[in-house]
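Dumped input.cif below, it's mmCIF, C-alpha atoms:
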data_query
#
loop_
_atom_site.label_atom_id
_atom_site.label_comp_id
_atom_site.auth_asym_id
_atom_site.auth_seq_id
_atom_site.Cartn_x
_atom_site.Cartn_y
_atom_site.Cartn_z
CA MET A 289 4.30 7.09 -23.74
CA SER A 290 4.29 10.87 -23.70
CA ASN A 291 1.25 10.97 -25.98
CA ILE A 292 -0.78 9.09 -23.34
CA ILE A 293 0.02 11.79 -20.79
CA GLN A 294 -0.71 14.47 -23.40
CA PHE A 295 -4.06 12.79 -24.07
CA LEU A 296 -4.85 12.73 -20.35
CA GLU A 297 -3.88 16.38 -20.08
CA SER A 298 -6.16 17.25 -23.02
CA MET A 299 -9.04 15.37 -21.38
CA GLY A 300 -8.38 17.29 -18.18
CA LYS A 301 -8.29 20.66 -19.95
CA ASP A 302 -10.96 20.32 -22.58
CA ALA A 303 -14.61 20.12 -21.51
CA ALA A 304 -15.62 18.51 -24.82
CA LEU A 305 -13.07 15.72 -24.37
CA ALA A 306 -13.97 15.36 -20.71
CA ASN A 307 -17.60 14.77 -21.63
CA MET A 308 -17.15 12.38 -24.55
CA SER A 309 -19.74 9.63 -24.96
CA PRO A 310 -18.40 6.06 -24.57
CA GLU A 311 -18.40 5.70 -28.37
CA GLU A 312 -16.52 8.97 -28.88
CA PHE A 313 -14.03 7.99 -26.18
CA THR A 314 -13.36 4.65 -27.88
CA THR A 315 -12.90 6.32 -31.28
CA THR A 316 -10.59 8.98 -29.82
CA VAL A 317 -8.47 6.43 -27.95
CA LYS A 318 -8.15 4.21 -31.02
CA ALA A 319 -7.05 7.23 -33.05
CA LEU A 320 -4.16 7.88 -30.65
CA GLY A 321 -2.16 5.12 -32.30
CA VAL A 322 -0.79 3.74 -29.05
CA ASP A 323 0.01 0.03 -28.68
CA ASP A 324 -2.66 -2.54 -27.79
CA VAL A 325 -1.75 -2.70 -24.11
CA ALA A 326 -1.97 1.07 -23.69
CA GLU A 327 -5.17 1.22 -25.72
CA HIS A 328 -6.71 -1.51 -23.56
CA ALA A 329 -5.69 0.30 -20.34
CA LEU A 330 -7.17 3.57 -21.55
CA LEU A 331 -10.40 2.01 -22.81
CA ASN A 332 -10.85 0.26 -19.47
CA ARG A 333 -9.95 3.46 -17.63
CA ASP A 334 -7.50 1.30 -15.73
CA HIS A 335 -5.45 3.68 -13.63
CA ASP A 336 -3.06 1.04 -12.25
CA ALA A 337 -2.40 -0.53 -15.64
CA LEU A 338 -1.68 2.88 -17.13
CA ASN A 339 0.70 3.70 -14.32
CA ASP A 340 2.55 0.39 -14.80
CA LEU A 341 2.81 1.08 -18.49
CA LEU A 342 4.11 4.59 -18.01
CA GLY A 343 6.64 3.52 -15.38
CA GLY A 344 5.15 5.49 -12.49
CA ARG A 345 5.84 4.74 -8.85
CA MET A 346 4.12 1.72 -7.34
CA LYS A 347 3.28 3.50 -4.09
CA MET A 348 2.59 7.14 -3.35
CA MET A 349 2.45 8.74 0.07
CA MET A 350 0.25 11.83 0.02
CA MET A 351 0.16 12.80 3.68
CA LEU A 352 1.58 16.31 3.94
CA VAL A 353 0.53 17.30 7.42
CA PRO A 354 1.05 15.64 10.81
CA ALA A 355 -1.85 15.30 13.27
CA GLU A 356 0.16 17.37 15.72
CA ASP A 357 3.46 19.23 15.80
CA ASP A 358 6.49 17.16 16.73
CA ASP A 359 6.74 18.83 20.14
CA GLN A 360 3.12 17.92 20.92
CA GLY A 361 3.63 14.29 21.81
CA GLU A 362 4.95 12.17 18.98
CA LYS A 363 5.14 8.60 20.22
CA LYS A 364 8.45 6.90 19.37
CA PRO A 365 8.18 3.23 18.37
CA ASP A 366 10.50 2.13 21.18
CA GLU A 367 8.18 3.71 23.78
CA ASP A 368 5.79 0.82 23.31
CA GLU A 369 8.61 -1.68 23.54
CA ASP A 370 10.00 -0.08 26.72
CA LYS A 371 6.55 -0.09 28.28
CA GLU A 372 5.95 -3.70 27.29
CA GLN A 373 9.29 -4.73 28.81
CA LYS A 374 8.49 -2.90 32.04
CA ASP A 375 5.00 -4.41 32.16
CA SER A 376 6.45 -7.81 31.46
CA SER A 377 9.12 -7.50 34.16
CA GLN A 378 6.47 -6.28 36.62
CA ALA A 379 4.28 -9.25 35.76
CA ASN A 380 7.18 -11.56 36.40
CA MET B 15 24.13 36.25 2.36
CA ASN B 16 23.22 35.98 -1.32
CA THR B 17 19.44 36.33 -1.49
CA SER B 18 19.12 36.27 -5.27
CA GLY B 19 17.15 33.01 -5.16
CA SER B 20 13.38 32.91 -4.92
CA LEU B 21 10.80 30.42 -3.77
CA VAL B 22 7.23 29.73 -4.73
CA CYS B 23 5.00 26.89 -3.57
CA VAL B 24 2.26 26.18 -6.09
CA GLY B 25 -0.78 23.94 -6.15
CA THR B 26 -1.22 21.53 -9.04
CA GLY B 27 -4.87 20.87 -8.19
CA MET B 28 -6.23 17.36 -7.86
CA MET B 29 -6.89 16.23 -11.44
CA LEU B 30 -4.18 15.97 -14.08
CA GLY B 31 -4.57 18.77 -16.61
CA ALA B 32 -7.85 20.06 -15.22
CA HIS B 33 -7.00 22.13 -12.17
CA ILE B 34 -3.54 23.70 -12.46
CA SER B 35 -3.68 27.49 -12.83
CA PRO B 36 -1.86 29.18 -15.73
CA ARG B 37 0.29 31.05 -13.22
CA SER B 38 1.26 27.93 -11.26
CA ARG B 39 2.19 26.19 -14.49
CA SER B 40 4.30 29.17 -15.49
CA TYR B 41 6.18 29.07 -12.18
CA ILE B 42 6.90 25.37 -12.72
CA GLU B 43 8.08 25.87 -16.28
CA HIS B 44 10.35 28.81 -15.45
CA ALA B 45 11.91 27.57 -12.21
CA ASP B 46 15.53 26.43 -12.00
CA VAL B 47 14.46 23.40 -9.99
CA VAL B 48 11.06 21.92 -9.13
CA PHE B 49 10.35 19.77 -6.07
CA ALA B 50 7.19 17.70 -6.42
CA ALA B 51 4.87 16.20 -3.82
CA VAL B 52 1.80 14.85 -5.57
CA SER B 53 -0.70 12.12 -4.80
CA ASP B 54 -0.74 10.21 -8.07
CA PRO B 55 2.26 8.66 -9.87
CA VAL B 56 0.88 9.59 -13.30
CA VAL B 57 0.54 13.21 -12.17
CA GLU B 58 4.20 13.08 -11.14
CA LEU B 59 5.12 11.90 -14.66
CA TRP B 60 3.04 14.73 -16.11
CA LEU B 61 4.96 17.27 -14.02
CA GLN B 62 8.24 15.78 -15.24
CA GLU B 63 7.18 16.64 -18.77
CA MET B 64 6.82 20.31 -17.80
CA HIS B 65 10.40 20.76 -16.60
CA ARG B 66 13.73 19.01 -17.09
CA ASP B 67 14.60 19.06 -13.35
CA VAL B 68 11.60 17.86 -11.35
CA ARG B 69 12.73 16.17 -8.14
CA SER B 70 10.16 13.99 -6.44
CA LEU B 71 9.86 14.28 -2.68
CA GLN B 72 8.42 10.74 -2.51
CA PRO B 73 11.77 9.07 -1.65
CA LEU B 74 11.81 11.05 1.60
CA TYR B 75 8.90 8.96 2.88
CA SER B 76 9.27 5.45 4.15
CA GLU B 77 7.17 3.23 6.35
CA GLY B 78 8.62 3.23 9.85
CA LYS B 79 10.22 6.68 9.42
CA SER B 80 8.61 9.61 11.21
CA ARG B 81 6.81 11.92 8.83
CA HIS B 82 8.05 14.79 10.99
CA ASP B 83 11.55 13.93 9.72
CA THR B 84 10.25 13.67 6.16
CA TYR B 85 8.67 17.12 6.33
CA ARG B 86 11.85 18.65 7.79
CA GLU B 87 13.86 17.10 4.96
CA MET B 88 11.45 18.55 2.37
CA VAL B 89 12.02 22.00 3.85
CA ASP B 90 15.81 21.53 4.01
CA LEU B 91 16.02 20.41 0.38
CA MET B 92 14.13 23.44 -0.89
CA LEU B 93 16.08 25.86 1.33
CA SER B 94 19.38 24.40 0.23
CA GLU B 95 18.70 25.17 -3.45
CA LEU B 96 17.30 28.58 -2.53
CA ARG B 97 20.48 29.50 -0.65
CA GLY B 98 22.40 28.48 -3.76
CA GLY B 99 20.68 31.31 -5.64
CA LYS B 100 18.15 29.15 -7.53
CA LYS B 101 14.57 29.92 -8.50
CA VAL B 102 12.89 27.13 -6.54
CA CYS B 103 9.35 25.88 -7.11
CA GLY B 104 7.61 23.47 -4.76
CA ALA B 105 4.73 21.82 -6.60
CA PHE B 106 2.23 20.27 -4.20
CA TYR B 107 -0.96 18.47 -5.13
CA GLY B 108 -4.23 20.23 -4.39
CA HIS B 109 -3.67 23.51 -2.58
CA PRO B 110 -0.12 23.88 -1.22
CA GLY B 111 -1.35 25.55 1.95
CA VAL B 112 -4.18 23.20 2.92
CA PHE B 113 -3.28 20.23 5.12
CA ALA B 114 0.37 20.70 4.16
CA TYR B 115 3.18 21.48 6.60
CA ALA B 116 6.30 21.92 4.45
CA PRO B 117 5.06 24.69 2.09
CA HIS B 118 4.08 27.01 4.96
CA ARG B 119 7.26 26.24 6.90
CA VAL B 120 9.68 26.68 3.99
CA ILE B 121 8.11 30.02 3.02
CA GLU B 122 8.33 31.23 6.63
CA LEU B 123 12.01 30.25 6.92
CA ALA B 124 12.92 31.61 3.48
CA ARG B 125 11.38 35.00 4.29
CA ALA B 126 13.21 35.06 7.64
CA GLU B 127 16.46 34.66 5.70
CA GLY B 128 15.57 37.56 3.40
CA PHE B 129 14.40 35.64 0.33
CA VAL B 130 11.35 36.44 -1.75
CA ALA B 131 8.93 33.58 -1.12
CA HIS B 132 5.21 33.12 -1.65
CA MET B 133 2.40 30.65 -2.26
CA GLU B 134 0.10 30.22 -5.24
CA PRO B 135 -3.22 28.56 -4.37
CA GLY B 136 -4.57 25.46 -6.03
CA ILE B 137 -7.81 23.49 -6.25
CA SER B 138 -7.82 21.32 -3.16
CA ALA B 139 -9.48 18.00 -2.33
CA GLU B 140 -11.86 20.06 -0.21
CA ASP B 141 -12.89 22.07 -3.28
CA CYS B 142 -13.50 18.86 -5.24
CA LEU B 143 -15.48 17.43 -2.33
CA TYR B 144 -17.90 20.37 -2.35
CA ALA B 145 -18.41 20.06 -6.10
CA ASP B 146 -18.76 16.27 -6.24
CA LEU B 147 -20.95 15.85 -3.14
CA GLY B 148 -23.02 18.99 -3.74
CA ILE B 149 -22.20 20.48 -0.36
CA ASP B 150 -22.17 24.23 0.22
CA PRO B 151 -20.16 24.84 3.41
CA GLY B 152 -21.98 28.13 3.88
CA ARG B 153 -25.46 26.57 4.14
CA VAL B 154 -25.24 25.13 7.65
CA GLY B 155 -21.49 25.40 8.29
CA CYS B 156 -18.70 22.87 7.94
CA GLN B 157 -16.02 21.71 10.39
CA HIS B 158 -12.75 20.20 9.20
CA TYR B 159 -10.32 18.19 11.30
CA GLU B 160 -7.39 15.91 10.70
CA ALA B 161 -8.84 12.57 11.86
CA SER B 162 -6.05 11.61 14.28
CA GLN B 163 -5.94 15.09 15.80
CA PHE B 164 -9.72 14.83 16.23
CA MET B 165 -9.10 11.70 18.31
CA PHE B 166 -6.15 13.06 20.30
CA TYR B 167 -7.79 16.28 21.48
CA ARG B 168 -11.17 17.22 22.92
CA ARG B 169 -13.21 19.19 20.37
CA GLN B 170 -16.58 20.89 20.50
CA ILE B 171 -18.58 19.31 17.69
CA ASP B 172 -21.58 21.06 16.18
CA THR B 173 -23.82 18.28 14.89
CA SER B 174 -26.03 20.78 13.04
CA ALA B 175 -23.10 21.47 10.67
CA TYR B 176 -21.09 19.15 8.42
CA LEU B 177 -18.07 17.42 9.93
CA VAL B 178 -15.23 16.40 7.61
CA LEU B 179 -12.40 14.19 8.87
CA TRP B 180 -9.26 14.10 6.71
CA GLN B 181 -6.63 11.35 6.61
CA VAL B 182 -9.12 8.92 8.13
CA GLY B 183 -7.19 5.95 6.71
CA ILE B 184 -4.47 6.49 9.32
CA ALA B 185 -6.78 7.68 12.10
CA GLY B 186 -5.23 7.12 15.51
CA ASP B 187 -1.60 6.82 14.36
CA ARG B 188 0.49 8.42 17.10
CA SER B 189 3.80 7.27 15.66
CA PHE B 190 3.50 9.24 12.37
CA ARG B 191 5.34 6.28 10.87
CA ARG B 192 2.52 4.15 9.48
CA TYR B 193 0.79 4.01 6.10
CA ALA B 194 -2.47 2.64 7.54
CA THR B 195 -4.21 1.93 10.82
CA GLY B 196 -6.62 -0.94 11.19
CA SER B 197 -10.18 -1.58 12.25
CA ALA B 198 -9.35 -1.49 15.98
CA TYR B 199 -8.36 2.19 15.63
CA ARG B 200 -11.47 2.90 13.59
CA GLN B 201 -13.54 1.23 16.30
CA LEU B 202 -12.23 3.89 18.70
CA LEU B 203 -13.04 6.65 16.22
CA VAL B 204 -16.57 5.30 15.78
CA GLU B 205 -16.99 5.14 19.56
CA LEU B 206 -15.93 8.77 19.80
CA LEU B 207 -18.28 9.84 17.02
CA THR B 208 -21.25 7.92 18.43
CA GLU B 209 -21.09 10.24 21.42
CA TYR B 210 -22.52 12.77 18.96
CA TYR B 211 -24.13 10.80 16.11
CA PRO B 212 -26.37 7.71 16.02
CA PRO B 213 -24.52 4.54 14.83
CA HIS B 214 -26.82 4.28 11.79
CA HIS B 215 -26.09 7.90 10.74
CA GLU B 216 -25.21 7.94 7.04
CA VAL B 217 -21.66 9.11 6.32
CA ILE B 218 -19.74 9.43 3.06
CA ILE B 219 -16.26 8.17 2.21
CA TYR B 220 -14.82 10.52 -0.40
CA GLU B 221 -11.76 10.35 -2.63
CA ALA B 222 -11.21 12.95 -5.37
CA ALA B 223 -10.47 11.77 -8.92
CA THR B 224 -6.87 12.43 -9.95
CA LEU B 225 -7.05 11.38 -13.61
CA PRO B 226 -9.69 12.59 -16.09
CA ILE B 227 -10.50 8.94 -16.92
CA SER B 228 -11.37 8.26 -13.27
CA LYS B 229 -14.39 8.90 -11.07
CA PRO B 230 -14.35 10.13 -7.49
CA ARG B 231 -15.22 7.67 -4.72
CA MET B 232 -18.44 8.74 -3.00
CA GLN B 233 -19.47 5.78 -0.88
CA LYS B 234 -22.38 6.14 1.53
CA LEU B 235 -22.46 3.92 4.58
CA ALA B 236 -23.66 3.81 8.17
CA LEU B 237 -21.22 5.31 10.66
CA SER B 238 -20.90 1.95 12.42
CA ALA B 239 -19.84 0.31 9.12
CA LEU B 240 -16.71 2.46 8.98
CA ILE B 241 -14.87 -0.10 11.08
CA ASP B 242 -14.81 -2.70 8.30
CA THR B 243 -14.70 -0.38 5.30
CA GLU B 244 -11.64 -0.32 3.07
CA LEU B 245 -9.89 3.02 3.49
CA PHE B 246 -6.83 4.45 1.78
CA LEU B 247 -4.40 7.26 2.50
CA GLN B 248 -6.50 9.59 0.35
CA SER B 249 -9.84 8.71 2.00
CA THR B 250 -11.87 11.42 3.70
CA MET B 251 -15.01 10.95 5.80
CA VAL B 252 -17.92 13.37 5.62
CA LEU B 253 -20.60 13.39 8.32
CA PRO B 254 -23.71 15.34 7.34
CA PRO B 255 -25.61 17.10 10.15
CA CYS B 256 -27.75 14.89 12.39
CA GLN B 257 -29.87 17.69 13.81
CA PRO B 258 -31.35 20.96 12.52
CA LEU B 259 -29.92 24.38 13.28
CA ALA B 260 -31.05 25.55 16.74
CA ARG B 261 -32.21 29.17 16.83
CA ASN B 262 -30.52 31.48 19.33
CA ASP B 263 -33.70 33.14 20.62
CA ALA B 264 -31.89 35.28 23.17
CA MET B 265 -29.61 36.81 20.52
CA LEU B 266 -32.50 37.24 18.07
CA LEU B 267 -34.41 39.15 20.75
CA ARG B 268 -31.43 41.45 21.38
CA ILE B 269 -31.08 42.13 17.64
CA GLU B 270 -34.80 42.90 17.43
CA GLU B 271 -34.49 45.37 20.33
CA LEU B 272 -31.45 46.99 18.71
CA ASP B 273 -33.32 47.30 15.40
CA ARG B 274 -36.26 48.94 17.21
CA VAL B 275 -34.01 51.49 18.98
CA LEU B 276 -32.12 52.39 15.81
CA ASN B 277 -35.29 52.65 13.74
CA SER B 278 -36.96 54.94 16.32
CA ASN B 279 -33.97 57.31 16.06
CA LEU B 280 -34.16 57.55 12.28
CA PRO B 281 -35.47 60.84 10.87
CA ALA B 282 -38.95 60.58 9.38
CA THR B 283 -38.87 59.77 5.68
CA PRO B 284 -39.95 62.86 3.72
CA LYS B 285 -43.16 62.37 1.80
CA HIS B 286 -42.96 62.70 -1.95
CA GLN B 287 -45.06 65.51 -3.32
#
Can the structure in the file be given as structure tokens, please?
Amino acid sequence: MSNIIQFLESMGKDAALANMSPEEFTTTVKALGVDDVAEHALLNRDHDALNDLLGGRMKMMMMLVPAEDDDQGEKKPDEDEDKEQKDSSQAN
Amino acid sequence: MNTSGSLVCVGTGMMLGAHISPRSRSYIEHADVVFAAVSDPVVELWLQEMHRDVRSLQPLYSEGKSRHDTYREMVDLMLSELRGGKKVCGAFYGHPGVFAYAPHRVIELARAEGFVAHMEPGISAEDCLYADLGIDPGRVGCQHYEASQFMFYRRQIDTSAYLVLWQVGIAGDRSFRRYATGSAYRQLLVELLTEYYPPHHEVIIYEAATLPISKPRMQKLALSALIDTELFLQSTMVLPPCQPLARNDAMLLRIEELDRVLNSNLPATPKHQ
């Protein structure tokens, strides 16, 4: 599957490949010699199918920054539960 | 302490193959160990082809676990290898210093321990946003906020400039443990924004393309429609200005007076013969 990633890298790097017409794209993909499933995924520009084929992760988390520092008021999950219990006991 | 190790945090850019700088790639290829935090699984596979020891930071995340803990663990992992004398490279998607906690923190701690540590910039989602949406942040100005932080704290919004809200898909999450917040949280965000913008104001949901076979998402909608719009972790909301720039007549007058005083003190220009 390495040649699929190499193809994607070439498309990323090379302005001519990045701007191929639909016909040129089809010809180039068919010339890669990958199997039918991979060829179909590429021709359909199907990101998820390609990822499945290549064995990539199903889920990616891309958050790299918190909304506030951890000393600025992170709310622990059990805070809600505690409050609900107190509210509930007060209601009773 | 042995400080023979070194640390660099590099940006891989947003799109596979298109954005990584030659220098960042070189750091990845020549490191002893590479830690990767990228936004696309195929990009992660691409990085693994550049180096035999690329360790994904993805397993440190899990739904229900505080991301504060995840970020601390990222820092600890990189520091641990650094203290072992390794050449450590942290490869982060986009720009490693934009909307990213761990790269700044690990560099700060590494330097405090006497290690050589630095950051190499990358092409960020913000850079892609300007290119794809045709926005020049210098034209009327541009404000950027993390969406939840924008909700948690009082801000002074300038509606004659652009407003960009990042991580809008988890807007309002105070637990830092969720992968999404729902329409009820977005309702609150819309209520906050309609203090400044009309409900019909056209906004843009933006997501940068991460593969060269993909297109960016650039969906225009009314602000009020945000509540029921499908958003993802990588979604960003752009609010164009809703009013023109307001001239500061008092300051312009003071500048004019200053110009007049300075010009009157200038020596007369000699006439050419």
What are the closest atom pairs, with distances in Å to one decimal, for each residue of chain B lying within 9 Å of chain A, using all atoms listed in the file, rows by chain and rising residue number, as JSON lines?
{"residue": "B:Met29", "atom": "CA", "partner": "A:Gly300", "partner_atom": "CA", "distance": 7.0}
{"residue": "B:Leu30", "atom": "CA", "partner": "A:Gly300", "partner_atom": "CA", "distance": 6.0}
{"residue": "B:Gly31", "atom": "CA", "partner": "A:Glu297", "partner_atom": "CA", "distance": 4.3}
{"residue": "B:Ala32", "atom": "CA", "partner": "A:Gly300", "partner_atom": "CA", "distance": 4.1}
{"residue": "B:His33", "atom": "CA", "partner": "A:Gly300", "partner_atom": "CA", "distance": 7.8}
{"residue": "B:Ala51", "atom": "CA", "partner": "A:Met350", "partner_atom": "CA", "distance": 7.4}
{"residue": "B:Val52", "atom": "CA", "partner": "A:Met350", "partner_atom": "CA", "distance": 6.5}
{"residue": "B:Ser53", "atom": "CA", "partner": "A:Met350", "partner_atom": "CA", "distance": 4.9}
{"residue": "B:Asp54", "atom": "CA", "partner": "A:Met348", "partner_atom": "CA", "distance": 6.5}
{"residue": "B:Pro55", "atom": "CA", "partner": "A:Gly344", "partner_atom": "CA", "distance": 5.0}
{"residue": "B:Val56", "atom": "CA", "partner": "A:Gly344", "partner_atom": "CA", "distance": 6.0}
{"residue": "B:Val57", "atom": "CA", "partner": "A:Ile293", "partner_atom": "CA", "distance": 8.8}
{"residue": "B:Glu58", "atom": "CA", "partner": "A:Gly344", "partner_atom": "CA", "distance": 7.8}
{"residue": "B:Leu59", "atom": "CA", "partner": "A:Gly344", "partner_atom": "CA", "distance": 6.8}
{"residue": "B:Trp60", "atom": "CA", "partner": "A:Ile293", "partner_atom": "CA", "distance": 6.3}
{"residue": "B:Glu63", "atom": "CA", "partner": "A:Ser290", "partner_atom": "CA", "distance": 8.1}
{"residue": "B:Gln72", "atom": "CA", "partner": "A:Met349", "partner_atom": "CA", "distance": 6.8}
{"residue": "B:Tyr75", "atom": "CA", "partner": "A:Met349", "partner_atom": "CA", "distance": 7.0}
{"residue": "B:Ser76", "atom": "CA", "partner": "A:Met349", "partner_atom": "CA", "distance": 8.6}
{"residue": "B:Gly78", "atom": "CA", "partner": "A:Pro365", "partner_atom": "CA", "distance": 8.5}
{"residue": "B:Ser80", "atom": "CA", "partner": "A:Lys364", "partner_atom": "CA", "distance": 8.6}
{"residue": "B:Arg81", "atom": "CA", "partner": "A:Pro354", "partner_atom": "CA", "distance": 7.1}
{"residue": "B:His82", "atom": "CA", "partner": "A:Asp358", "partner_atom": "CA", "distance": 6.4}
{"residue": "B:Tyr85", "atom": "CA", "partner": "A:Leu352", "partner_atom": "CA", "distance": 7.5}
{"residue": "B:Tyr107", "atom": "CA", "partner": "A:Met350", "partner_atom": "CA", "distance": 8.5}
{"residue": "B:Val112", "atom": "CA", "partner": "A:Val353", "partner_atom": "CA", "distance": 8.8}
{"residue": "B:Phe113", "atom": "CA", "partner": "A:Val353", "partner_atom": "CA", "distance": 5.3}
{"residue": "B:Ala114", "atom": "CA", "partner": "A:Leu352", "partner_atom": "CA", "distance": 4.6}
{"residue": "B:Tyr115", "atom": "CA", "partner": "A:Val353", "partner_atom": "CA", "distance": 5.0}
{"residue": "B:Ala116", "atom": "CA", "partner": "A:Leu352", "partner_atom": "CA", "distance": 7.3}
{"residue": "B:Glu160", "atom": "CA", "partner": "A:Ala355", "partner_atom": "CA", "distance": 6.1}
{"residue": "B:Ala161", "atom": "CA", "partner": "A:Ala355", "partner_atom": "CA", "distance": 7.6}
{"residue": "B:Ser162", "atom": "CA", "partner": "A:Ala355", "partner_atom": "CA", "distance": 5.7}
{"residue": "B:Gln163", "atom": "CA", "partner": "A:Ala355", "partner_atom": "CA", "distance": 4.8}
{"residue": "B:Phe164", "atom": "CA", "partner": "A:Ala355", "partner_atom": "CA", "distance": 8.4}
{"residue": "B:Phe166", "atom": "CA", "partner": "A:Ala355", "partner_atom": "CA", "distance": 8.5}
{"residue": "B:Gln181", "atom": "CA", "partner": "A:Met351", "partner_atom": "CA", "distance": 7.5}
{"residue": "B:Asp187", "atom": "CA", "partner": "A:Ala355", "partner_atom": "CA", "distance": 8.6}
{"residue": "B:Arg188", "atom": "CA", "partner": "A:Lys363", "partner_atom": "CA", "distance": 5.6}
{"residue": "B:Ser189", "atom": "CA", "partner": "A:Lys363", "partner_atom": "CA", "distance": 4.9}
{"residue": "B:Phe190", "atom": "CA", "partner": "A:Pro354", "partner_atom": "CA", "distance": 7.0}
{"residue": "B:Arg191", "atom": "CA", "partner": "A:Pro365", "partner_atom": "CA", "distance": 8.6}
{"residue": "B:Tyr193", "atom": "CA", "partner": "A:Met349", "partner_atom": "CA", "distance": 7.8}
{"residue": "B:Leu225", "atom": "CA", "partner": "A:Leu296", "partner_atom": "CA", "distance": 7.2}
{"residue": "B:Pro226", "atom": "CA", "partner": "A:Gly300", "partner_atom": "CA", "distance": 5.3}
{"residue": "B:Ile227", "atom": "CA", "partner": "A:Arg333", "partner_atom": "CA", "distance": 5.6}
{"residue": "B:Ser228", "atom": "CA", "partner": "A:Arg333", "partner_atom": "CA", "distance": 6.6}
{"residue": "B:Leu247", "atom": "CA", "partner": "A:Met350", "partner_atom": "CA", "distance": 7.0}
{"residue": "B:Gln248", "atom": "CA", "partner": "A:Met350", "partner_atom": "CA", "distance": 7.1}
**Report entry** Residue IDs satisfying the PyMOL selection byres ((chain B and resi 98) around 12), as a PyMOL selection string
**Finding:** chain B and resi 15-21+46-47+91-97+99-102+129
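Ranking B:Trp180, B:Tyr41, B:Phe106, B:Tyr159 by their shortest atom-to-atom distance to Leu245 in chain B, with only C-alpha atoms included, puts B:Trp180 first.
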**Report entry** For Asp242 in chain B: contacts at 10 Å, only C-alpha atoms, fewer than 2 positions along chain excluded, given as a list in words
**Finding:** Gly196, Ser197, Ala198, Arg200, Gln201, Ser238, Ala239, Leu240, Glu244 and Leu245 of chain B
Requested in this report: Would you mind reading off the distance between CA of Arg168 in chain B and CA of Ala139 in chain B, one decimal, in Å?
Outcome: 25.3 Å
Give, as JSON, the centre coordinates and the x, y and z edge lengths in Å to one decimal for an axis-aligned box around all listed atoms of range 39-43 of chain B, padded by 5 Å on each side.
{"center_x": 5.1, "center_y": 27.3, "center_z": -14.2, "size_x": 15.9, "size_y": 13.8, "size_z": 14.1}
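For the atom pair formed by CA of Met88 in chain B and CA of Ala105 in chain B, the distance is 11.7 Å, given to one decimal.
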Requested in this report: Enumerate, as a PyMOL selection string, the residues matched when the PyMOL selection byres ((chain A and resi 317) around 10) is run on the file above.
Outcome: chain A and resi 292+295+311-316+318-322+326-328+330-331
Query raised in the report: What does the PyMOL selection byres ((chain B and resi 206-209) around 10) select in this file, as a list in words?
Result: Phe164, Met165, Ile171, Arg200, Gln201, Leu202, Leu203, Val204, Glu205, Tyr210, Tyr211, Pro212, Pro213, His214, His215, Leu237, Ser238 and Leu253 of chain B
Query raised in the report: At what distance in Å, to one decimal, does CA of Glu77 in chain B lie from CA of Ala185 in chain B?
Result: 15.7 Å
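Neighbouring residues of Ile149 in chain B at 12 Å or closer, counting all atoms listed in the file and skipping chain neighbours under 3 positions away, are B:Glu140, B:Asp141, B:Cys142, B:Leu143, B:Tyr144, B:Ala145, B:Asp146, B:Gly152, B:Arg153, B:Val154, B:Gly155, B:Cys156, B:Ala175, B:Tyr176, B:Leu177, B:Val178, B:Ile218, B:Val252, B:Leu253, B:Pro254, B:Pro255.
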